[in-house]
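**Student:** This one is input36.txt, compact mmCIF, C-alpha atoms.
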# COMPACT_ATOMS: atom_id res chain seq x y z
CA MET A 1 0.00 0.00 0.00
CA LEU A 2 1.52 3.31 -1.07
CA ILE A 3 1.63 6.25 1.28
CA GLN A 4 0.03 9.27 -0.33
CA ARG A 5 2.47 12.18 -0.28
CA GLY A 6 0.76 15.45 0.47
CA GLY A 7 0.57 18.24 2.99
CA LEU A 8 1.87 18.75 6.49
CA LYS A 9 1.93 15.85 8.97
CA VAL A 10 1.74 16.99 12.58
CA VAL A 11 2.71 14.63 15.38
CA ALA A 12 0.82 15.51 18.56
CA GLY A 13 2.71 14.31 21.63
CA LEU A 14 6.29 13.12 21.59
CA GLY A 15 7.63 10.29 23.75
CA VAL A 16 8.72 6.93 22.33
CA SER A 17 6.02 6.45 19.70
CA GLY A 18 5.97 10.15 18.78
CA VAL A 19 9.72 10.14 18.12
CA ALA A 20 9.33 7.04 15.95
CA ALA A 21 6.50 8.69 13.99
CA VAL A 22 8.42 11.94 13.44
CA ASN A 23 11.54 10.14 12.24
CA PHE A 24 9.60 7.75 10.01
CA LEU A 25 7.62 10.52 8.31
CA HIS A 26 10.74 12.66 7.87
CA GLN A 27 12.61 9.76 6.29
CA GLN A 28 9.67 9.21 3.95
CA GLY A 29 9.99 12.76 2.67
CA TYR A 30 6.99 14.36 4.32
CA ARG A 31 6.85 17.85 5.78
CA VAL A 32 6.65 17.12 9.50
CA ALA A 33 5.96 19.19 12.60
CA VAL A 34 5.53 18.19 16.22
CA THR A 35 3.79 19.82 19.16
CA ASP A 36 3.69 18.81 22.83
CA SER A 37 2.30 20.40 26.00
CA ARG A 38 5.58 19.74 27.82
CA GLU A 39 8.44 22.23 27.61
CA THR A 40 11.03 19.46 27.16
CA PRO A 41 9.14 16.32 26.15
CA PRO A 42 11.01 13.01 26.26
CA GLY A 43 12.81 12.34 22.98
CA PHE A 44 12.93 15.97 21.84
CA ASP A 45 16.66 15.55 21.15
CA GLN A 46 16.10 12.44 18.99
CA ILE A 47 14.29 14.13 16.11
CA PRO A 48 15.81 15.95 13.10
CA ALA A 49 16.70 19.60 13.67
CA GLU A 50 14.76 20.73 10.60
CA VAL A 51 11.45 19.38 11.97
CA GLN A 52 9.25 22.26 13.13
CA ARG A 53 8.48 21.98 16.82
CA VAL A 54 6.26 23.83 19.28
CA PHE A 55 6.66 22.74 22.87
CA GLY A 56 5.08 24.00 26.09
CA HIS A 57 1.55 23.88 24.71
CA PHE A 58 -0.41 22.20 21.95
CA ASP A 59 -0.25 24.67 19.09
CA GLU A 60 -3.81 24.91 17.80
CA ALA A 61 -2.80 26.96 14.78
CA LEU A 62 -0.21 24.35 13.80
CA LEU A 63 -2.68 21.50 14.24
CA LEU A 64 -5.22 23.30 12.05
CA GLN A 65 -2.62 23.50 9.26
CA ALA A 66 -2.20 19.73 9.23
CA GLU A 67 -3.29 17.47 6.44
CA GLU A 68 -3.22 14.73 9.06
CA ILE A 69 -2.44 14.49 12.77
CA ILE A 70 -0.58 11.50 14.21
CA ILE A 71 -1.60 11.34 17.85
CA SER A 72 0.60 9.71 20.46
CA PRO A 73 -1.21 7.08 22.54
CA GLY A 74 -0.64 9.00 25.76
CA LEU A 75 -2.62 12.01 24.46
CA ASP A 76 -6.38 11.90 24.92
CA PRO A 77 -8.19 12.61 21.62
CA LYS A 78 -10.69 14.65 23.66
CA THR A 79 -7.99 17.29 24.21
CA PRO A 80 -9.64 20.56 23.05
CA GLU A 81 -6.99 21.37 20.43
CA ILE A 82 -7.38 17.91 18.89
CA GLN A 83 -11.15 18.20 18.93
CA LYS A 84 -10.94 21.57 17.16
CA ALA A 85 -8.89 19.92 14.41
CA VAL A 86 -11.38 17.05 14.11
CA ALA A 87 -14.21 19.58 13.84
CA ASN A 88 -12.32 21.09 10.92
CA GLY A 89 -12.22 17.78 9.10
CA ILE A 90 -8.59 16.91 9.85
CA ALA A 91 -7.93 13.17 10.20
CA VAL A 92 -6.38 11.98 13.48
CA ILE A 93 -4.57 8.63 13.27
CA SER A 94 -2.17 6.48 15.28
CA GLU A 95 1.38 5.42 14.52
CA ILE A 96 -0.09 1.91 14.05
CA GLN A 97 -2.11 3.27 11.12
CA LEU A 98 1.14 4.56 9.60
CA LEU A 99 2.66 1.11 9.93
CA ARG A 100 -0.31 -0.52 8.22
CA ARG A 101 -0.01 1.95 5.31
CA ALA A 102 3.72 1.35 5.03
CA THR A 103 3.64 -2.45 4.71
CA ASP A 104 1.52 -5.32 3.44
CA LEU A 105 3.34 -7.81 5.66
CA PRO A 106 1.21 -9.88 8.06
CA ILE A 107 0.49 -8.43 11.50
CA VAL A 108 -0.46 -10.42 14.58
CA ALA A 109 -2.50 -7.97 16.68
CA ILE A 110 -2.74 -8.68 20.40
CA THR A 111 -4.83 -6.65 22.83
CA GLY A 112 -6.78 -7.14 26.05
CA SER A 113 -7.00 -5.66 29.52
CA ASN A 114 -4.31 -7.97 30.85
CA ALA A 115 -1.56 -10.36 29.73
CA LYS A 116 -0.86 -8.54 26.42
CA SER A 117 2.87 -8.31 27.13
CA THR A 118 3.19 -11.93 28.26
CA VAL A 119 1.36 -13.25 25.20
CA THR A 120 3.21 -10.94 22.80
CA THR A 121 6.60 -11.91 24.23
CA LEU A 122 5.87 -15.63 24.35
CA LEU A 123 4.38 -15.75 20.85
CA GLY A 124 7.30 -13.67 19.57
CA GLN A 125 9.74 -16.18 21.03
CA MET A 126 7.75 -19.05 19.53
CA ALA A 127 7.97 -17.40 16.11
CA LEU A 128 11.70 -16.75 16.40
CA ASP A 129 12.39 -20.27 17.64
CA ALA A 130 10.42 -21.62 14.68
CA GLY A 131 12.71 -19.73 12.29
CA LYS A 132 10.40 -16.83 11.47
CA LYS A 133 11.92 -13.39 10.99
CA ALA A 134 9.49 -11.75 13.38
CA ALA A 135 9.58 -8.17 14.66
CA ILE A 136 8.03 -7.84 18.12
CA GLY A 137 6.88 -4.60 19.72
CA GLY A 138 4.19 -1.94 19.59
CA ASN A 139 2.91 -1.01 23.03
CA LEU A 140 5.62 -3.33 24.38
CA GLY A 141 9.31 -2.63 23.88
CA ARG A 142 10.13 -1.02 20.54
CA PRO A 143 7.60 1.26 18.83
CA ALA A 144 5.86 -0.28 15.83
CA LEU A 145 7.38 2.00 13.19
CA ASP A 146 10.93 1.25 14.37
CA LEU A 147 10.28 -2.43 13.62
CA LEU A 148 10.29 -1.68 9.89
CA LYS A 149 14.07 -1.30 10.12
CA ASP A 150 14.35 -5.04 10.86
CA GLU A 151 12.97 -5.92 7.42
CA PRO A 152 10.89 -8.70 9.00
CA GLU A 153 8.49 -11.14 7.40
CA LEU A 154 5.96 -10.78 10.21
CA PHE A 155 4.97 -8.23 12.88
CA ILE A 156 3.79 -9.34 16.33
CA LEU A 157 2.29 -6.31 18.02
CA GLU A 158 0.96 -5.59 21.48
CA LEU A 159 -1.70 -2.91 21.05
CA SER A 160 -3.33 -0.75 23.70
CA SER A 161 -6.83 0.69 23.59
CA PHE A 162 -5.18 4.11 23.25
CA GLN A 163 -3.44 3.02 20.05
CA LEU A 164 -6.48 1.24 18.68
CA GLU A 165 -8.93 4.12 19.14
CA ALA A 166 -7.05 6.00 16.38
CA THR A 167 -6.54 2.93 14.14
CA SER A 168 -8.93 1.71 11.43
CA ASN A 169 -8.93 -1.42 9.29
CA LEU A 170 -5.72 -2.89 10.65
CA ASN A 171 -6.34 -5.98 8.47
CA ALA A 172 -4.37 -8.22 10.81
CA GLU A 173 -3.42 -11.73 9.78
CA VAL A 174 -4.86 -12.78 13.15
CA ALA A 175 -6.24 -10.63 15.96
CA VAL A 176 -7.13 -11.38 19.58
CA VAL A 177 -8.76 -9.65 22.52
CA LEU A 178 -7.41 -11.75 25.39
CA ASN A 179 -9.78 -10.55 28.12
CA MET A 180 -11.81 -7.52 29.14
CA SER A 181 -12.10 -5.90 32.55
CA GLU A 182 -12.54 -2.35 33.77
CA ASP A 183 -9.53 -0.19 32.92
CA HIS A 184 -8.83 3.29 31.58
CA LEU A 185 -12.42 4.36 32.21
CA ASP A 186 -11.04 7.81 32.97
CA ARG A 187 -10.03 7.94 29.28
CA HIS A 188 -12.80 5.98 27.56
CA GLY A 189 -15.70 7.13 29.74
CA ASP A 190 -17.32 3.73 30.36
CA MET A 191 -16.97 0.04 29.51
CA GLN A 192 -18.83 0.54 26.25
CA GLY A 193 -16.24 3.07 25.07
CA TYR A 194 -13.37 0.88 26.27
CA HIS A 195 -14.89 -2.19 24.57
CA ALA A 196 -15.36 -0.29 21.31
CA ALA A 197 -11.72 0.82 21.30
CA LYS A 198 -10.41 -2.71 21.94
CA HIS A 199 -12.63 -4.30 19.30
CA ARG A 200 -11.24 -2.09 16.55
CA VAL A 201 -8.44 -4.69 16.46
CA PHE A 202 -10.81 -7.03 14.58
CA GLN A 203 -11.46 -4.66 11.66
CA GLY A 204 -10.43 -6.48 8.49
CA ALA A 205 -8.80 -9.38 10.36
CA LYS A 206 -8.28 -12.58 8.35
CA ARG A 207 -8.54 -14.81 11.42
CA ILE A 208 -9.81 -14.22 14.95
CA VAL A 209 -8.83 -15.75 18.29
CA TYR A 210 -11.04 -15.13 21.32
CA ASN A 211 -11.48 -16.15 24.94
CA ARG A 212 -14.63 -18.27 25.01
CA GLU A 213 -14.96 -17.75 28.79
CA ASP A 214 -15.09 -13.96 28.41
CA ALA A 215 -18.02 -12.90 26.24
CA LEU A 216 -16.61 -9.38 25.91
CA THR A 217 -13.67 -10.69 23.85
CA GLN A 218 -15.85 -12.12 21.09
CA PRO A 219 -16.57 -10.04 17.98
CA LEU A 220 -20.17 -8.87 17.91
CA ILE A 221 -20.56 -9.41 14.17
CA ALA A 222 -21.41 -12.94 13.07
CA ASP A 223 -19.45 -13.38 9.87
CA GLN A 224 -17.48 -16.06 8.05
CA ILE A 225 -14.03 -15.08 9.34
CA PRO A 226 -12.27 -18.23 10.69
CA ARG A 227 -12.28 -18.25 14.50
CA GLN A 228 -10.56 -20.24 17.19
CA SER A 229 -11.10 -20.04 20.92
CA PHE A 230 -9.12 -20.71 24.07
CA GLY A 231 -10.19 -21.14 27.67
CA ILE A 232 -9.26 -22.90 30.90
CA HIS A 233 -11.94 -25.59 30.70
CA ALA A 234 -12.24 -28.63 28.45
CA PRO A 235 -12.21 -27.53 24.81
CA ASP A 236 -14.52 -28.44 21.97
CA LEU A 237 -13.13 -30.02 18.80
CA ASN A 238 -10.20 -28.02 17.34
CA GLN A 239 -10.33 -25.44 20.14
CA TYR A 240 -7.75 -24.89 22.91
CA GLY A 241 -8.32 -25.59 26.60
CA ILE A 242 -7.37 -27.70 29.60
CA LEU A 243 -8.05 -31.39 30.21
CA ARG A 244 -7.81 -32.69 33.77
CA SER A 245 -6.74 -36.18 34.85
CA ASP A 246 -8.15 -38.13 37.77
CA ASP A 247 -4.93 -37.48 39.70
CA GLY A 248 -5.41 -33.73 39.41
CA SER A 249 -2.90 -33.20 36.59
CA MET A 250 -3.78 -30.52 34.05
CA TYR A 251 -2.90 -30.74 30.37
CA LEU A 252 -2.96 -28.00 27.76
CA ALA A 253 -5.04 -29.49 24.97
CA ARG A 254 -6.35 -28.97 21.44
CA GLY A 255 -9.72 -30.66 21.34
CA ARG A 256 -9.19 -34.10 22.93
CA GLU A 257 -5.45 -34.10 22.20
CA ARG A 258 -3.27 -33.56 25.25
CA LEU A 259 -0.35 -31.35 24.28
CA ILE A 260 1.68 -30.82 27.46
CA ASN A 261 1.36 -31.33 31.23
CA SER A 262 1.13 -27.96 32.96
CA ALA A 263 3.62 -29.24 35.56
CA GLU A 264 6.32 -29.06 32.85
CA LEU A 265 5.96 -25.28 32.62
CA TYR A 266 7.79 -22.58 34.58
CA ILE A 267 4.77 -20.27 34.41
CA GLN A 268 2.02 -21.25 36.84
CA GLY A 269 -1.49 -20.12 37.72
CA MET A 270 -4.63 -20.53 35.63
CA HIS A 271 -4.19 -17.09 34.08
CA ASN A 272 -0.77 -18.11 32.74
CA LEU A 273 -2.16 -21.35 31.32
CA ALA A 274 -4.77 -19.27 29.51
CA ASN A 275 -1.95 -17.10 28.15
CA ALA A 276 -0.12 -20.18 26.89
CA LEU A 277 -3.26 -21.48 25.18
CA ALA A 278 -3.83 -18.11 23.50
CA CYS A 279 -0.29 -18.27 22.12
CA LEU A 280 -0.83 -21.77 20.75
CA ALA A 281 -4.01 -20.64 18.97
CA LEU A 282 -2.30 -17.54 17.55
CA GLY A 283 0.74 -19.57 16.56
CA GLU A 284 -1.40 -22.08 14.72
CA ALA A 285 -3.01 -19.19 12.81
CA ILE A 286 0.37 -18.09 11.46
CA GLY A 287 1.61 -21.61 10.75
CA LEU A 288 4.03 -22.26 13.61
CA PRO A 289 4.76 -25.98 14.18
CA MET A 290 3.17 -27.33 17.35
CA ALA A 291 6.27 -29.23 18.49
CA SER A 292 8.39 -26.09 18.25
CA MET A 293 5.80 -23.99 20.11
CA LEU A 294 5.61 -26.50 22.96
CA GLU A 295 9.40 -26.57 23.27
CA THR A 296 9.47 -22.77 23.57
CA LEU A 297 6.66 -22.90 26.11
CA LYS A 298 8.63 -25.28 28.31
CA GLN A 299 11.54 -22.83 28.44
CA PHE A 300 9.51 -19.63 29.04
CA LYS A 301 9.87 -18.18 32.54
CA GLY A 302 7.46 -15.26 32.29
CA LEU A 303 8.06 -11.52 32.42
CA GLU A 304 9.46 -9.20 35.03
CA HIS A 305 6.78 -7.59 37.25
CA ARG A 306 4.12 -10.08 36.11
CA CYS A 307 3.60 -12.65 38.87
CA GLU A 308 7.38 -12.82 38.99
CA PHE A 309 8.74 -15.14 41.69
CA VAL A 310 11.15 -13.14 43.87
CA LYS A 311 12.29 -15.46 46.65
CA ALA A 312 11.20 -17.78 49.44
CA LEU A 313 11.85 -16.66 53.01
CA ASN A 314 10.77 -18.51 56.16
CA GLN A 315 8.66 -20.86 53.97
CA VAL A 316 6.81 -17.87 52.52
CA ARG A 317 7.04 -17.16 48.78
CA TYR A 318 7.09 -13.56 47.52
CA TYR A 319 5.71 -12.57 44.09
CA ASN A 320 6.11 -9.27 42.24
CA ASP A 321 3.03 -8.53 40.13
CA SER A 322 3.56 -4.76 39.95
CA LYS A 323 2.25 -4.85 36.36
CA GLY A 324 -1.12 -5.57 37.97
CA THR A 325 -2.30 -2.01 37.41
CA ASN A 326 -6.01 -2.84 37.14
CA ILE A 327 -8.53 -5.04 38.90
CA GLY A 328 -8.62 -7.70 36.19
CA ALA A 329 -4.86 -8.27 36.36
CA SER A 330 -4.82 -8.47 40.14
CA LEU A 331 -7.87 -10.73 40.19
CA ALA A 332 -6.07 -13.15 37.87
CA ALA A 333 -3.02 -13.14 40.16
CA ILE A 334 -5.11 -13.63 43.31
CA GLU A 335 -7.07 -16.52 41.85
CA GLY A 336 -4.08 -18.09 40.10
CA LEU A 337 -1.76 -18.11 43.12
CA GLY A 338 -4.56 -18.55 45.67
CA ALA A 339 -5.84 -21.73 44.06
CA ALA A 340 -2.28 -23.13 43.97
CA ILE A 341 -1.86 -22.89 47.78
CA GLU A 342 -5.46 -23.59 48.81
CA ALA A 343 -4.81 -27.29 49.38
CA LYS A 344 -2.15 -26.38 51.98
CA GLN A 345 -4.70 -24.28 53.91
CA ALA A 346 -2.48 -21.32 53.08
CA LYS A 347 -3.52 -17.77 52.16
CA LEU A 348 -2.26 -14.66 50.40
CA VAL A 349 -1.02 -11.53 52.11
CA MET A 350 -1.14 -8.84 49.46
CA ILE A 351 -0.28 -5.19 48.85
CA LEU A 352 -3.05 -3.27 47.14
CA GLY A 353 -3.46 0.39 46.25
CA GLY A 354 -2.25 3.45 44.39
CA GLN A 355 -4.31 5.44 41.88
CA ALA A 356 -7.60 3.60 41.40
CA LYS A 357 -8.50 5.09 37.98
CA GLY A 358 -12.24 5.03 38.73
CA GLN A 359 -12.45 1.23 39.07
CA ASP A 360 -15.06 -0.56 41.20
CA PHE A 361 -13.07 -2.59 43.74
CA SER A 362 -16.14 -4.38 45.08
CA VAL A 363 -15.75 -6.87 42.21
CA ILE A 364 -12.74 -8.48 43.91
CA ARG A 365 -14.46 -9.00 47.27
CA GLU A 366 -15.27 -12.65 46.57
CA ALA A 367 -11.69 -13.51 45.57
CA LEU A 368 -10.27 -11.65 48.57
CA GLN A 369 -12.61 -13.48 50.91
CA LYS A 370 -11.67 -16.85 49.44
CA TYR A 371 -7.92 -16.53 49.05
CA VAL A 372 -6.57 -13.53 51.01
CA LYS A 373 -5.85 -13.33 54.71
CA THR A 374 -4.76 -9.68 54.86
CA VAL A 375 -4.68 -6.74 52.46
CA VAL A 376 -2.06 -4.07 53.16
CA LEU A 377 -3.24 -0.82 51.58
CA ILE A 378 -0.94 1.86 50.15
CA GLY A 379 -1.33 4.99 48.05
CA GLU A 380 -3.67 7.90 47.56
CA ASP A 381 -6.85 5.87 47.00
CA ALA A 382 -6.40 3.51 49.97
CA GLY A 383 -9.51 4.89 51.67
CA LEU A 384 -11.66 4.41 48.57
CA ILE A 385 -10.45 0.82 48.19
CA GLU A 386 -11.02 0.05 51.88
CA ALA A 387 -14.62 1.24 51.63
CA ALA A 388 -15.19 -1.18 48.74
CA ILE A 389 -13.60 -4.28 50.30
CA VAL A 390 -14.17 -3.82 54.04
CA GLY A 391 -15.44 -6.95 55.78
CA CYS A 392 -14.08 -9.57 53.39
CA CYS A 393 -10.59 -9.88 54.91
CA GLU A 394 -8.29 -8.16 57.38
CA ILE A 395 -7.15 -4.71 56.25
CA GLN A 396 -3.97 -2.92 57.30
CA HIS A 397 -2.64 0.47 56.22
CA ALA A 398 1.02 1.24 55.51
CA LYS A 399 2.47 4.72 55.60
CA SER A 400 5.29 3.76 53.25
CA PHE A 401 6.10 1.04 50.74
CA ALA A 402 8.86 -0.30 52.98
CA GLN A 403 6.41 -0.55 55.87
CA ALA A 404 3.97 -2.41 53.63
CA VAL A 405 6.56 -5.09 52.84
CA GLU A 406 7.55 -5.37 56.51
CA LEU A 407 3.89 -5.78 57.51
CA CYS A 408 3.47 -8.56 54.96
CA GLN A 409 6.43 -10.44 56.40
CA GLN A 410 4.99 -10.13 59.91
CA LEU A 411 1.53 -11.30 58.83
CA ALA A 412 2.50 -14.23 56.58
CA GLN A 413 2.73 -17.76 57.96
CA PRO A 414 4.61 -20.76 56.48
CA ASN A 415 3.16 -21.80 53.08
CA ASP A 416 1.50 -18.39 52.63
CA VAL A 417 2.29 -16.19 49.62
CA VAL A 418 3.07 -12.48 49.78
CA LEU A 419 1.81 -10.82 46.61
CA LEU A 420 2.36 -7.30 45.33
CA SER A 421 -0.49 -6.80 42.87
CA PRO A 422 -1.78 -3.27 43.46
CA ALA A 423 -4.65 -3.18 40.90
CA CYS A 424 -3.80 0.52 40.57
CA ALA A 425 -1.59 2.93 38.70
CA SER A 426 1.63 3.79 40.51
CA PHE A 427 2.21 7.45 39.74
CA ASP A 428 1.20 8.70 43.19
CA MET A 429 4.33 7.06 44.67
CA PHE A 430 6.55 5.95 41.77
CA LYS A 431 7.64 6.84 38.26
CA GLY A 432 5.87 3.73 36.99
CA TYR A 433 5.03 0.11 37.74
CA GLU A 434 8.62 -0.90 36.89
CA GLN A 435 10.07 1.25 39.66
CA ARG A 436 7.41 -0.03 42.06
CA GLY A 437 8.28 -3.61 41.18
CA ARG A 438 12.04 -3.10 41.46
CA GLN A 439 11.64 -1.48 44.87
CA PHE A 440 9.50 -4.40 46.01
CA VAL A 441 12.18 -6.87 44.89
CA GLU A 442 14.88 -4.85 46.67
CA LEU A 443 12.83 -4.64 49.87
CA VAL A 444 12.08 -8.36 49.82
CA HIS A 445 15.75 -9.22 49.35
CA GLY A 446 16.48 -6.91 52.30
CA LEU A 447 14.17 -8.81 54.66
CA ALA A 448 15.90 -10.78 57.40
CA GLU A 449 15.30 -14.43 58.25
CA GLN A 450 13.02 -14.82 61.25
Spit out the file's structure as structure tokens when you get a sec.
**Tutor:**
Amino acid sequence: MLIQRGGLKVVAGLGVSGVAAVNFLHQQGYRVAVTDSRETPPGFDQIPAEVQRVFGHFDEALLLQAEEIIISPGLDPKTPEIQKAVANGIAVISEIQLLRRATDLPIVAITGSNAKSTVTTLLGQMALDAGKKAAIGGNLGRPALDLLKDEPELFILELSSFQLEATSNLNAEVAVVLNMSEDHLDRHGDMQGYHAAKHRVFQGAKRIVYNREDALTQPLIADQIPRQSFGIHAPDLNQYGILRSDDGSMYLARGRERLINSAELYIQGMHNLANALACLALGEAIGLPMASMLETLKQFKGLEHRCEFVKALNQVRYYNDSKGTNIGASLAAIEGLGAAIEAKQAKLVMILGGQAKGQDFSVIREALQKYVKTVVLIGEDAGLIEAAIVGCCEIQHAKSFAQAVELCQQLAQPNDVVLLSPACASFDMFKGYEQRGRQFVELVHGLAEQ
């Protein structure tokens, strides 16, 4: 597909994807300008000197001169200057749309409220191990447009709702919405808006993978596009799921065919088995050999900050799930780890809290009551969260992150699990979930034997 040369392209918002968009458009010979509300936005020194730039505010006059605006995912399209441009008939697109215009190569498009990064990374490794020249990135790692430099044969992209809301007709080789739970309602307004943004991933897709146990992941339109499902219960013919043996063993399966015993995997918890099954379905859609995929799966140890095992201390295991920035992610961690220790009459002691992003925390009451002994609350919305979960388990408050970890050590008994899975954004206390997770790991390693 040829890019149509024309008038001025204005990138709104810099940062990682904005820098990639500016540099890509400049290299393609377009007239490019960039504007950002920050005086010194990240990446300002990584763009060509001849690119027009207006920093410190969004330049409405510049935006109104644009033939097309490329909006960075971190910038809300409802920003007044953007809305003024839209009202004037100026198209607003994502950097993902630029990628789709620039190449006809197949794209695997992965979105969902949770587990996008795990599935993207695992599937990417499966593709590489199978000898595919795959470029892996998007919302994870390298920006999508930078991946063109690799001259790949296939793109495997993690896509956020922010990227998708400005993307049309992605025409993916295969697309998946892994799961849906409340998140980013402060941006999308309500679940309907969030759902609509996510489901743009299916526009023009050649094949679809969906989670049959989450109705919100299934395309609403009944059409003839080939579909395959995954889930954590016994699968129908040609679908992916889990078969259980009389001895309690669980097998990842395709239809009635047992593929691998879950005990052979490093990644544990039902949510991680669902992730593995999603990868197998996506891999099948792009022609990866099953034997190769299973071999990769056996070697995969998961991602940092995503139910990452930290250490065992005094017969208590500590897990860093700082990437649990919404209720759905934390619920998966609670249920996945809680079910694993239930037979030992053990419980979770967990750290919860931060910036709640308008979520309804009452939806995790049942899981807390079943699997959690004590919740240690941190962050600016601790009071709001306490009001939603009070009565279902013991609640403690920590004045600092270090105190929260110390409280967890005091409260946990042998065979219990201490879990950091805040279900919240981290920016009230940290630069991001990565810093929160690293500090947790450091604090845990600093705990003394008792």
**Student:** Kindly indicate which residue among A:Leu419, A:Val209, A:Ala285, A:Ala412 lies nearest to His305 in chain A, using all atoms listed in the file for the distances.
**Tutor:**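 Nearest candidate to His305 in chain A out of A:Leu419, A:Val209, A:Ala285, A:Ala412: A:Leu419.
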**Student:** Which is closer to Phe202 in chain A than all the others in A:Ser117, A:Asn171, A:Ser72, A:Thr374, using all atoms listed in the file?
**Tutor:**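 Smallest distance to Phe202 in chain A is found for A:Asn171.
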**Student:** Counting all atoms listed in the file, which residues have an atom no more than 12 Å from (-4.8, -3.2, 22.8) in the file's coordinates? Please list them as a PyMOL selection string.
**Tutor:** chain A and resi 73+96+108-117+120+138-140+157-167+175-180+183-184+194-202+217
**Student:** Have a look at A:Ala382, A:Ile90, A:Val418, A:Ala340 and name the one nearest to Gln315 in chain A; count all atoms listed in the file.
**Tutor:**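 Of A:Ala382, A:Ile90, A:Val418, A:Ala340, the one nearest Gln315 in chain A, counting all atoms listed in the file, is A:Val418.
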**Student:** Ranking A:Cys307, A:Ala329, A:Ala135, A:Val372 by minimum distance to Gln345 in chain A and counting all atoms listed in the file, which one comes first?
**Tutor:** A:Val372
**Student:** Name the closest residue to Leu273 in chain A among the candidates A:Tyr210, A:Phe58, A:Tyr251, A:Phe440; distances are taken between atoms, counting only C-alpha atoms.
**Tutor:**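 Residue with the minimum atom-to-atom distance to Leu273 in chain A: A:Tyr251.
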**Student:** Would you work out the distance separating CA of Gly255 in chain A from CA of Asn275 in chain A, expressed in Å to one decimal?
**Tutor:**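 If I compute the distance from CA of Gly255 in chain A to CA of Asn275 in chain A, I get 17.0 Å.
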**Student:** Using CA of Asp45 in chain A and CA of Arg31 in chain A as the two end points, give the distance in Å to one decimal.
**Tutor:** 18.4 Å
**Student:** With distances taken over only C-alpha atoms, which of A:Pro42, A:Gly353, A:Gly283, A:Pro219 is nearest to Gly324 in chain A?
**Tutor:**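 The shortest atom-to-atom distance to Gly324 in chain A comes from A:Gly353.
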**Student:** For CA of Gln28 in chain A and CA of Ala66 in chain A, quote the distance in Å rounded to one decimal.
**Tutor:**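 Taking CA of Gln28 in chain A and CA of Ala66 in chain A, their separation equals 16.7 Å.
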**Student:** Within 8 Å of Leu154 in chain A, counting only C-alpha atoms, which residues qualify if same-chain residues fewer than 5 places away don't, as a list in words?
**Tutor:**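 Non-adjacent residues within range: Leu105, Pro106, Ile107, Val108, Lys132, Lys133, Ala134 and Ala135 of chain A.
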**Student:** Considering only C-alpha atoms, return as a list in words whatever protein or nucleic-acid residues lie within 8 Å of His271 in chain A, sequence-local ones (same chain, fewer than 2 positions apart) excluded.
**Tutor:** Gln268, Gly269, Leu273, Ala274, Asn275, Ala332, Ala333 and Gly336 of chain A
**Student:** In the coordinates of the file, take the point (12.9, -20.8, 52.3) and a cut-off of 12 Å; then, counting all atoms listed in the file, name each qualifying protein, DNA or RNA residue as number ranges by chain.
**Tutor:** A: 310-318, 414-417, 448-450
**Student:** Using all atoms listed in the file, which residues sit within 10 Å of Leu64 in chain A once same-chain residues fewer than 6 positions away are excluded, as a PyMOL selection string?
**Tutor:** chain A and resi 10+81-82+84-90
**Student:** Taking all atoms of range 85-91 of chain A that the file lists and extending 3 Å past them on each side, where is the centre of the axis-aligned box and how long are its edges? Answer in Å to one decimal, as lines of an AutoDock Vina configuration file.
**Tutor:**
center_x = -11.1
center_y = 17.1
center_z = 11.8
size_x = 12.3
size_y = 13.9
size_z = 11.3
**Student:** For Gly379 in chain A, find every residue with an atom within 8 Å (counting all atoms listed in the file), except residues of its own chain fewer than 4 positions away, and show them as a VMD selection string.
**Tutor:** chain A and resid 353 to 355 428 to 429
